[in-house]
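Take a look at the structure below.
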Amino acid sequence: MSRLAIYFSVLIAATTVVSAEKRNITEKDLFDFVWIGDPQISPDGTRVAFVRVTVNEKKEGYNTSIWSVPVAGGEEPHQLTKGDHDAAPRWSPDGKFLLFVRATEKDGKPEPPQLSILPMAGGDSFVFTDLPKGASNPVWAPDGKIIAFTSDTNADDLAKQEKKKRKEEELKKAVSESSPSPHPTSIARIVDPGSQTAAKKAEGEAEHESDIRVITRAVYREDNEGYADPKHPQHIWVVPAPRNADEKVQPKQLTFGRFNEGNIVWSKDSGKTYFTSLRVDEPYYELPRTELYSISASGGEPGKLNSIDMDIDNLSLSPDGKQIAFVASTTQPINSYTQPDLWIVDLTPSAKPRNLTANFDFDVGSGVFGDNSPPRAGGSNSPIWTADGRSVIEVYGKEGKTILASFDVESGKPTDLTKGNQAVVRFRAPDDRSKIIYTVSTAMRIGDLFAIDSPGGEARELTHINNELFSKLNLTEPEEIHYKTFDGKPIQAWLQKPPDFNPAKKYPLILNIHGGPHAAYGHIFGHEFQWMAAKGYVVLYPNPRGSTTYGQDFGNVIQFHYPGDDYKDLMAGVDEVIRRGYIDDKKLGVTGGSGGGLLTNWVVGQTNRFAAAVSQRDIASWEAWWYSADFTLFQPTWFKAPPFDNEQEFKARSPLAYIKNVKTPMMFILGEADYRTPPGSGGEQMFRALKFRKIPTVMVRFPNESHELSRSGQPWHRVERLQNIVGWFDHWLMGVPKPEYEVAPEQEVSAKPGATPAN
């Protein structure tokens, strides 16, 4: 027995040493994260090409390169391309070439992306397009002879490019043919200085491009994309597929006009492409609609096949080439939220789409979100038909998970292909559909590649992309909890606890509210939650009413009542956690971004129980936001009428209306290029009002950052965002001195541990 006791003592000691070697996660670990984007499986199903995304050396941006890993497993991924901005890998139908998009820099400025090809038998990759506005979204024709793509290039761009090339050629010719330079005075005699100046002036005026914008449309800019340019609509082009760098090919524009086109799908015989568009100048006056067209690969006039009363994307052609599958939401009735369904439509004129999942009360094509999807080159999903055409494979969101499933084409019956507490982010299949590859994120994993050899088969892990880093980190699995809210509705939530959590202690609590509002937290990696917990906080992140993955009614119940009862759901969650006995109810913090920023503002206007708040990318005045957001609310989705016809409702649901009640110290995190929730309709208003009332408040502004700051912003900015959020809570909940948040930094910080505003 003594020997056994000694053995266990040694074992426990060894375990303690191993545990001690691990450390808590930090905000700067983000610099070392690796992301997998846009995986593509080879036609024979043996290899996967994917985009490996990393933070660049200056930590001001991201590098993307293309890597490969065998589907059989057992090997580490290896690098295929050497560019810093390579993306969108696409296998040729015979698997002998890998098409991709490469962007370069010139004089420190990014150049438009161009199409490139890598011969898989060996040799260097080569770029084969040179369009002034670049080339994107490449799609191989089934015969492998032609590539379709999209570009914003117009005729004027091509003319200017040609003129510039001629000038360069003429200059080269003049230099090569010139004799030794004559004396400067002889040149002055030959060239009239006056005429030379006039010529330069005329040339400068001809080449001048105005930077002003004459705006005629209500939707004129898009968050993270910039201002719309009506002179450069996105059109469809084709180009012969070159087999080597010496084979020069010339792109050809297929579609023309003033409307955007996209979602290219080739016909089975490679004779034509199908695509989507909407030939309406101001679509925001109508309910969402999409027009389906086809055009010959040799050119000509597009033929309109259908007008579908939904906003559709990511088309998928059936094995017999007669139908297209897509994911979309119905437009009637007009809801705040309408869950997406899986649809099929025949490729015949005016065919009526058929809803496969009308009786399936979960969100097809979507799921849960986290803060660490690939920040660049992530790709997107399209439905996958099985080889026999009897089923369509898609993801769906259910109760905090994203599940990959097969849906029967006749009955719509789903069959789950993946299981467990996880989120399937991207999925693909080879031509014979003999296997499926997909990326998975969990609360403890950013995202790795997996494969199943047949429906219902065992999942096989192909990559361990962050294992080297994560093996050193003391990460913790969040606890899933359930509680009933004020009207009996069940609410799902998660608790992220400190790595050394002791239920006998008292911890500060941070309520973290998601945006959307129609989105969902769940079983997916959250760096923010893990780091807050590592700093000593218990983090509560719930899915209140309005969240997705719980059915149509739960998602839409907040229509014309947002914010409102969702606030009560959040407070019920806080009460539930406090009842567990390990929370210090004098050290409560609240934060959230976008819709979560709106709700943070709302919370502090309804209660003074929180000792600190951080509102991110928020809304303070619905009226100001209605007039300035990048998209319109011209349909009665969130409000029944515009603010000038509905002043009282807009005011009653605006946090700014309750600013006199706020006593909570507040920080505002704002992106200066945020067009989704412009700072002027949110944090700027709250900040000024609180300053007038002498409530402690700070505004942290991030130059050049859009609404995507937390997910795909500059790496340093993402880290500094986390530092400031937790810094504010450290100051007001933990009593940590933070002179940078004081008007006079040299003053002694007045906050004491456990300090809280008066109730």
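Identifiers in this document derive from the order of the structure tokens: chains are assigned A, B, ..., residues are numbered from 1 separately in each chain, and ligands are numbered from 1 in order of occurrence.
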
Which residues, written as number ranges by chain, have at least one atom at most 8 Å from Pro679 in chain A, with only C-alpha atoms counted and residues fewer than 6 positions away on the same chain left out? A: 617-618, 670-672

Produce a table with one row for each residue of range 581-607 of chain A that has an atom at most 12 Å from any atom of range 709-723 of chain A, each row naming the nearest atom pair and its distance in Å at one decimal; use only C-alpha atoms; arrange rows by chain and rising residue number; format as JSON lines.
{"residue": "A:Thr591", "atom": "CA", "partner": "A:Leu722", "partner_atom": "CA", "distance": 11.6}
{"residue": "A:Gly592", "atom": "CA", "partner": "A:Ser710", "partner_atom": "CA", "distance": 11.0}
{"residue": "A:Gly593", "atom": "CA", "partner": "A:Ser710", "partner_atom": "CA", "distance": 8.7}
{"residue": "A:Ser594", "atom": "CA", "partner": "A:Ser710", "partner_atom": "CA", "distance": 10.6}

Distance of CA of Asp566 in chain A from CA of Ile619 in chain A, expressed in Å to one decimal place: 16.0 Å

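Here the residues within range 441-515 of chain A that DSSP labels alpha helix (DSSP H) on the basis of the backbone are Asn467, Glu468, Leu469 and Phe470 of chain A.
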
With C-alpha atoms retained, export the selected residues as a PDB file, in the first residue's frame.
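Generated output (part.pdb):
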ATOM      1  CA  ASN A 467      -2.017  22.734 -31.570  1.00  0.00           C
ATOM      2  CA  GLU A 468       1.484  24.066 -30.964  1.00  0.00           C
ATOM      3  CA  LEU A 469       0.094  27.244 -29.401  1.00  0.00           C
ATOM      4  CA  PHE A 470      -2.978  25.774 -27.728  1.00  0.00           C
TER       5      PHE A 470
END

Residues of range 562-632 of chain A within 9 Å of range 511-527 of chain A: nearest atom pair and distance (Å, one decimal) for each, counting only C-alpha atoms, sorted by chain and number, as a Markdown table?
| residue | atom | partner | partner_atom | distance |
| --- | --- | --- | --- | --- |
| A:Tyr562 | CA | A:Pro517 | CA | 8.7 |
| A:Leu570 | CA | A:Leu511 | CA | 8.1 |
| A:Gly573 | CA | A:Leu511 | CA | 8.8 |
| A:Val574 | CA | A:Leu511 | CA | 7.3 |
| A:Leu588 | CA | A:Leu511 | CA | 7.7 |
| A:Gly589 | CA | A:Leu511 | CA | 6.1 |
| A:Val590 | CA | A:Leu511 | CA | 4.6 |
| A:Thr591 | CA | A:Asn512 | CA | 5.1 |
| A:Gly592 | CA | A:Ile513 | CA | 4.5 |
| A:Gly593 | CA | A:Gly515 | CA | 5.7 |
| A:Ser594 | CA | A:Gly515 | CA | 5.0 |
| A:Gly595 | CA | A:Gly515 | CA | 3.8 |
| A:Gly596 | CA | A:Gly515 | CA | 4.4 |
| A:Gly597 | CA | A:Gly515 | CA | 7.4 |
| A:Leu598 | CA | A:Gly515 | CA | 8.4 |
| A:Leu599 | CA | A:Ile513 | CA | 7.4 |
| A:Thr600 | CA | A:Ile513 | CA | 7.5 |

Write a file of the selected residues as an mmCIF file, in the first residue's frame, keeping all heavy atoms.
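Final output, part.cif:
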data_model
loop_
_atom_site.group_PDB
_atom_site.id
_atom_site.type_symbol
_atom_site.label_atom_id
_atom_site.label_comp_id
_atom_site.auth_asym_id
_atom_site.auth_seq_id
_atom_site.Cartn_x
_atom_site.Cartn_y
_atom_site.Cartn_z
ATOM 1 N N TYR A 562 -37.940 45.774 -29.954
ATOM 2 C CA TYR A 562 -36.497 45.608 -29.754
ATOM 3 C C TYR A 562 -35.857 46.967 -29.577
ATOM 4 O O TYR A 562 -35.998 47.827 -30.452
ATOM 5 C CB TYR A 562 -35.899 44.876 -30.965
ATOM 6 C CG TYR A 562 -34.389 44.849 -31.035
ATOM 7 C CD1 TYR A 562 -33.643 44.213 -30.052
ATOM 8 C CD2 TYR A 562 -33.712 45.449 -32.098
ATOM 9 C CE1 TYR A 562 -32.253 44.184 -30.128
ATOM 10 C CE2 TYR A 562 -32.328 45.417 -32.177
ATOM 11 C CZ TYR A 562 -31.607 44.791 -31.191
ATOM 12 O OH TYR A 562 -30.237 44.766 -31.270
ATOM 13 N N LEU A 570 -31.960 38.825 -20.401
ATOM 14 C CA LEU A 570 -30.576 39.006 -19.967
ATOM 15 C C LEU A 570 -30.490 39.137 -18.450
ATOM 16 O O LEU A 570 -29.616 38.542 -17.815
ATOM 17 C CB LEU A 570 -29.982 40.243 -20.644
ATOM 18 C CG LEU A 570 -29.904 40.226 -22.175
ATOM 19 C CD1 LEU A 570 -29.525 41.600 -22.711
ATOM 20 C CD2 LEU A 570 -28.913 39.178 -22.659
ATOM 21 N N GLY A 573 -30.848 35.915 -16.686
ATOM 22 C CA GLY A 573 -29.598 35.150 -16.708
ATOM 23 C C GLY A 573 -28.633 35.601 -15.638
ATOM 24 O O GLY A 573 -27.980 34.779 -14.972
ATOM 25 N N VAL A 574 -28.517 36.914 -15.470
ATOM 26 C CA VAL A 574 -27.646 37.442 -14.407
ATOM 27 C C VAL A 574 -28.126 36.957 -13.044
ATOM 28 O O VAL A 574 -27.332 36.514 -12.200
ATOM 29 C CB VAL A 574 -27.607 38.983 -14.465
ATOM 30 C CG1 VAL A 574 -26.862 39.552 -13.259
ATOM 31 C CG2 VAL A 574 -26.945 39.458 -15.759
ATOM 32 N N LEU A 588 -20.543 43.778 -11.087
ATOM 33 C CA LEU A 588 -21.160 43.327 -12.327
ATOM 34 C C LEU A 588 -20.774 44.263 -13.467
ATOM 35 O O LEU A 588 -20.851 45.491 -13.324
ATOM 36 C CB LEU A 588 -22.685 43.296 -12.191
ATOM 37 C CG LEU A 588 -23.289 42.467 -11.057
ATOM 38 C CD1 LEU A 588 -24.808 42.550 -11.105
ATOM 39 C CD2 LEU A 588 -22.821 41.013 -11.129
ATOM 40 N N GLY A 589 -20.384 43.674 -14.588
ATOM 41 C CA GLY A 589 -20.079 44.442 -15.786
ATOM 42 C C GLY A 589 -20.950 43.976 -16.935
ATOM 43 O O GLY A 589 -21.421 42.836 -16.949
ATOM 44 N N VAL A 590 -21.158 44.839 -17.928
ATOM 45 C CA VAL A 590 -21.950 44.476 -19.105
ATOM 46 C C VAL A 590 -21.281 45.053 -20.339
ATOM 47 O O VAL A 590 -20.773 46.177 -20.328
ATOM 48 C CB VAL A 590 -23.404 44.972 -18.974
ATOM 49 C CG1 VAL A 590 -23.476 46.484 -18.763
ATOM 50 C CG2 VAL A 590 -24.231 44.574 -20.198
ATOM 51 N N THR A 591 -21.277 44.263 -21.403
ATOM 52 C CA THR A 591 -20.713 44.718 -22.674
ATOM 53 C C THR A 591 -21.408 44.004 -23.815
ATOM 54 O O THR A 591 -22.104 43.000 -23.623
ATOM 55 C CB THR A 591 -19.190 44.474 -22.734
ATOM 56 O OG1 THR A 591 -18.661 45.081 -23.920
ATOM 57 C CG2 THR A 591 -18.862 42.986 -22.768
ATOM 58 N N GLY A 592 -21.202 44.517 -25.007
ATOM 59 C CA GLY A 592 -21.743 43.905 -26.211
ATOM 60 C C GLY A 592 -21.458 44.785 -27.400
ATOM 61 O O GLY A 592 -21.187 45.990 -27.253
ATOM 62 N N GLY A 593 -21.502 44.186 -28.603
ATOM 63 C CA GLY A 593 -21.220 44.931 -29.818
ATOM 64 C C GLY A 593 -22.389 44.941 -30.775
ATOM 65 O O GLY A 593 -23.168 43.990 -30.838
ATOM 66 N N SER A 594 -22.535 46.036 -31.517
ATOM 67 C CA SER A 594 -23.600 46.187 -32.504
ATOM 68 C C SER A 594 -24.951 46.149 -31.793
ATOM 69 O O SER A 594 -25.223 46.996 -30.943
ATOM 70 C CB SER A 594 -23.473 45.098 -33.568
ATOM 71 O OG SER A 594 -24.345 45.359 -34.645
ATOM 72 N N GLY A 595 -25.801 45.148 -32.102
ATOM 73 C CA GLY A 595 -27.038 45.011 -31.351
ATOM 74 C C GLY A 595 -26.763 44.819 -29.879
ATOM 75 O O GLY A 595 -27.566 45.216 -29.020
ATOM 76 N N GLY A 596 -25.622 44.195 -29.552
ATOM 77 C CA GLY A 596 -25.226 44.055 -28.151
ATOM 78 C C GLY A 596 -24.809 45.378 -27.541
ATOM 79 O O GLY A 596 -24.950 45.603 -26.335
ATOM 80 N N GLY A 597 -24.297 46.304 -28.384
ATOM 81 C CA GLY A 597 -23.990 47.652 -27.909
ATOM 82 C C GLY A 597 -25.265 48.432 -27.637
ATOM 83 O O GLY A 597 -25.371 49.159 -26.638
ATOM 84 N N LEU A 598 -26.237 48.293 -28.524
ATOM 85 C CA LEU A 598 -27.551 48.884 -28.290
ATOM 86 C C LEU A 598 -28.133 48.397 -26.970
ATOM 87 O O LEU A 598 -28.620 49.195 -26.149
ATOM 88 C CB LEU A 598 -28.485 48.520 -29.441
ATOM 89 C CG LEU A 598 -29.979 48.757 -29.217
ATOM 90 C CD1 LEU A 598 -30.325 50.216 -29.304
ATOM 91 C CD2 LEU A 598 -30.821 47.948 -30.193
ATOM 92 N N LEU A 599 -28.082 47.079 -26.749
ATOM 93 C CA LEU A 599 -28.642 46.526 -25.518
ATOM 94 C C LEU A 599 -27.834 46.933 -24.288
ATOM 95 O O LEU A 599 -28.393 47.114 -23.202
ATOM 96 C CB LEU A 599 -28.735 45.007 -25.624
ATOM 97 C CG LEU A 599 -30.026 44.488 -26.271
ATOM 98 C CD1 LEU A 599 -29.904 43.021 -26.653
ATOM 99 C CD2 LEU A 599 -31.216 44.699 -25.347
ATOM 100 N N THR A 600 -26.520 47.087 -24.433
ATOM 101 C CA THR A 600 -25.713 47.591 -23.316
ATOM 102 C C THR A 600 -26.184 48.987 -22.923
ATOM 103 O O THR A 600 -26.375 49.293 -21.736
ATOM 104 C CB THR A 600 -24.224 47.605 -23.686
ATOM 105 O OG1 THR A 600 -23.789 46.268 -23.956
ATOM 106 C CG2 THR A 600 -23.381 48.174 -22.559
#
